[in-house]
Amino acid sequence: MKKTYCIIGTILLLFAQQIKGQVKKTPEHLKPNIIYILTDDLGYGDVGVFFQNQRKEKNDRSEPWAFTPNLDKMASEGAILTHHYTAAPVCAPSRSSFLSGLSQGHANVRDNQFDKALADNHTVGNVLQKAGYTTAAIGKWGLQGSKRWSENGDQWPAHPLNRGFDYYYGYMRHSDGHEHYPKEGVYRGRKEVYENKTEVSKDLDKCYTGDLWTAVAKKWIVEQVQHKKEQPFFMYLAFDTPHAVLELPTQAYPEGGGLNGGLQWMGKPGNMINTASGEVDSWVHPDYDKATYDDDNDSSTPEVAWPDVYKRYATSTRRIDNEVGDILQLLSDLGIDENTLVIFNSDNGPSIESYLPKEGYKANFFNSFGPFDGIKRDVLEGGERTPLIARWPTHIPAGNVVESPNISYDWLPTFVDAAGLPAPVNSDGVSLLPSLTGQGKQKESLIYVEYNQGRKSPDYDEFAPNNRGRLRKQMQMMRMGDIVGLRYNIQGADDDFEFYNVIDDTHQATNLANNGNLAELQKQMKERVLQVRVSDTTAARPYDMEEVPAVLGNGLKSGLHWKVYESNAPWLARVDDLTPIDQGVAKSLSLDKIKVKKGNVYLFEGFIKVPKSGTYTFYVKATNKAYVRIHEASLIDADYGYKSGTLKEGTIKLKEGYHPIRIYCQSESDMENALDIQWKGPSFSKGKIPASVFYME
């Protein structure tokens, strides 16, 4: 077996050397390959360069530390984003926001809606497909749709193959990701693994999932380079480790990495990967096997061994570190590392769950939440900040530290930008390429989170007193500059925000709202959180029925600004980063006096004056595509899958006064682009929006 493995590795290495020479000849503007690696419940503080190395340097024997040498090396070769937030503090909504590029104010999967179908709209997979990429999703999915959310039975309408991915290998169901040995099912029972739509677990003897996903990922990458040399690829590699079950690998990580080492796909039933031997759930990393610590914080007493559960956790995180290093080595061996953007991240803060029969887990053994308070399911910084590393040699400067706030739904616009296209119009994020590369001006990210969960935060001594044992329930978080606004156990829209300067006060111990100097910010944030979202009946909020506040209309005049943009995107483009080729002023929503050309994007922008507070419904019918935002709320989306002439509508509660409005449309031909927009309000029936209610600056 070892001889066969070495021969295969040698052949692949020779092939890689040939490919490497070819890749060097490709033009510099070639679209980059993109790999997004997502871990499950890995805390900000679990990664060496973010926090564990500081513990090591401190050398306090009562505070154990772990190691992530490969991730630290990746960080030294690229960028770390120290103010990166997840869209939600738990798995399903977090992943849905990443995949869709939408905040939790717009995503269709919110709260604990595990196995709900990801909306059939733009995803990071299908936009990159349309940008010319081959796409793969490997690992944990959990957004496929199930009987719980469907009247038509468990048909998995949102299978990855139906949401923009050419290839899939992994766990379909959310709960399957709670077991790291699919065939043996050591602690949570046997689970199903799918390759595309075929169940394959019967052949996966002794396959530890972190190793399995990595071996499949390496195999797939090699195939792309071998068979599709001129086509870029995108991979979403979603680990289910180190999540709560805390099972151990079968053996030490195979020596080396990349083509000729590390994990390898063997492809034989019962021996599918080269670590499918040894003993299931048995191997502890030698750095932790005999590790001891000062459990009573008394140096005069003997140290004691780490409890088994923490040896397991540290081994699991170290295994992820090995797996990432293995993949990076493969990119180097193939000669494609300089043209591959790799992102490493986690879906939310650290967990305190353990599925072991006799040992619980506490996140404060390693302080996996880092210098923050809160864990998974908290919208405190510890539940929301995640360790983000980005590597793209020759594009991202080595050792770059990005300190501006950003969030997980920024990655869809970022990846599309790297592919040379504008983001879809419904995107809530912004491209992070300026921050990563140092080229261009970085736009401000919208940092907004809402979540509902009934339990309490842990009562850890490491947390500020005000954050120990906090009752969660309805929660909301928004960041503006250095200030984070926070609400727990929300009763209504008038509840005050707590304010924390998270630069000076990482533990969120001092509520600045109490000093009375931030009354204007309090008003602004209460209004802002209503202006960036739409309600979802499946995830009710206590502020859903509140009317969206208007803005001041001082100095406004009649009419709308219109702008025309050229776009080569196969979707209705968000035009923020494009330069208009024509512009002017219109009295109303009409293209009659604007030169129409097929493919161009037309934007009407200004304010709509609402005559009376209440519920308003807007109606759009377009020849091709259209989209309407009021404030930052996505009101009508007639882009993805829209059929010409279909009536689309959206309802919103608005206060009397002026509201920013943007209306996008795209022409179908050089001759015609009909756009019919009507509305209905509390004091009038459905009809054409009169020119008299449109205003502009």
# chains A, B, ... in the order shown; residues from 1 in each chain; ligands from 1
$ residues_around --residues "Phe366 of chain A" --least-positions-apart "6" --cutoff "7 Å" --atoms "only C-alpha atoms" --output "PyMOL selection string"
chain A and resi 63-65
$ select_by_dssp --residues "segment 105-291 of chain A" --states "alpha helix (DSSP H)" --output "PyMOL selection string"
chain A and resi 124-130+209-227+286-289
$ closest_residue --among "A:Tyr640, A:Tyr619, A:Trp571, A:Tyr664" --to "Val601 of chain A" --atoms "only C-alpha atoms"
A:Tyr664
$ closest_residue --among "A:Tyr500, A:Trp392, A:Tyr208, A:Phe365" --to "Ala418 of chain A" --atoms "only C-alpha atoms"
A:Trp392
$ atom_distance --atom1 "atom CA of Gly278 of chain A" --atom2 "atom CA of Thr250 of chain A"
5.3 Å
$ residues_around --residues "Gln476 of chain A" --least-positions-apart "4" --cutoff "8 Å" --atoms "only C-alpha atoms" --output "ChimeraX atom specification"
/A:379,448-451,486-488
$ write_last_selection --atoms "C-alpha atoms" --output "short mmCIF file (atom, residue, chain, number, x, y, z; two decimals), in the first residue's frame"
data_model
loop_
_atom_site.label_atom_id
_atom_site.label_comp_id
_atom_site.auth_asym_id
_atom_site.auth_seq_id
_atom_site.Cartn_x
_atom_site.Cartn_y
_atom_site.Cartn_z
CA VAL A 379 -24.22 38.57 19.99
CA TYR A 448 -25.76 44.08 11.69
CA VAL A 449 -26.92 40.95 13.55
CA GLU A 450 -30.26 39.77 14.94
CA TYR A 451 -30.85 36.46 16.68
CA LEU A 486 -26.20 45.85 21.89
CA ARG A 487 -29.67 44.76 22.96
CA TYR A 488 -30.50 41.54 24.87
#
$ atom_distance --atom1 "atom CA of Asp461 of chain A" --atom2 "atom CA of Pro69 of chain A"
29.0 Å
$ residues_around --residues "segment 158-175 of chain A" --least-positions-apart "3" --cutoff "7 Å" --atoms "only C-alpha atoms" --output "list in words"
Phe114, Asp115, Ala117, Leu118, Asp120, Thr123, Gly125, Asn126, Gln129, Thr134, Thr135, Ala136, Ala137, Ile138, Gly139, Lys140, Trp141, Gly142, Leu143, Gln144, Gly145, His178, Glu192, Val193, Tyr194, Glu195 and Asn196 of chain A
$ atom_distance --atom1 "atom CA of Met74 of chain A" --atom2 "atom CA of Gln329 of chain A"
10.7 Å
$ closest_atom_pairs --of "segment 252-353 of chain A" --to "segment 393-411 of chain A" --cutoff "8 Å" --atoms "only C-alpha atoms" --output "Markdown table"
| residue | atom | partner | partner_atom | distance |
| --- | --- | --- | --- | --- |
| A:Asp337 | CA | A:Pro393 | CA | 7.0 |
| A:Glu338 | CA | A:Pro393 | CA | 4.8 |
| A:Asn339 | CA | A:Pro393 | CA | 7.4 |
| A:Thr340 | CA | A:Pro393 | CA | 7.9 |
$ select_by_dssp --residues "segment 600-694 of chain A" --states "strand (DSSP E)" --output "number ranges by chain"
A: 601-610, 614-622, 625-630, 633-638, 647-654, 657-666, 675-681, 684-688, 694
$ residues_around --residues "Gly256 of chain A" --least-positions-apart "3" --cutoff "12 Å" --atoms "only C-alpha atoms" --output "short mmCIF file (atom, residue, chain, number, x, y, z; two decimals) with C-alpha atoms, in the first residue's frame"
data_model
loop_
_atom_site.label_atom_id
_atom_site.label_comp_id
_atom_site.auth_asym_id
_atom_site.auth_seq_id
_atom_site.Cartn_x
_atom_site.Cartn_y
_atom_site.Cartn_z
CA CYS A 6 4.46 6.77 -3.17
CA GLY A 9 2.49 10.79 -5.36
CA ALA A 252 -1.05 10.90 13.49
CA TYR A 253 -1.34 13.22 10.52
CA LEU A 259 0.72 16.18 -3.71
CA ASN A 260 3.25 13.79 -2.29
CA GLY A 261 2.23 13.69 1.35
CA GLY A 262 -0.40 14.49 3.91
CA LEU A 263 -3.91 13.19 3.37
CA GLN A 264 -4.55 11.25 0.19
CA ASN A 322 -2.66 20.33 9.68
CA GLU A 323 -5.42 20.04 7.11
CA GLY A 325 -1.40 23.46 5.84
CA ASP A 326 -1.81 20.36 3.66
CA ILE A 327 -4.08 22.21 1.24
CA LEU A 328 -1.76 25.22 1.06
CA GLN A 329 1.14 22.91 0.28
CA LEU A 330 -0.91 21.33 -2.51
CA ASP A 333 3.00 21.91 -5.49
#
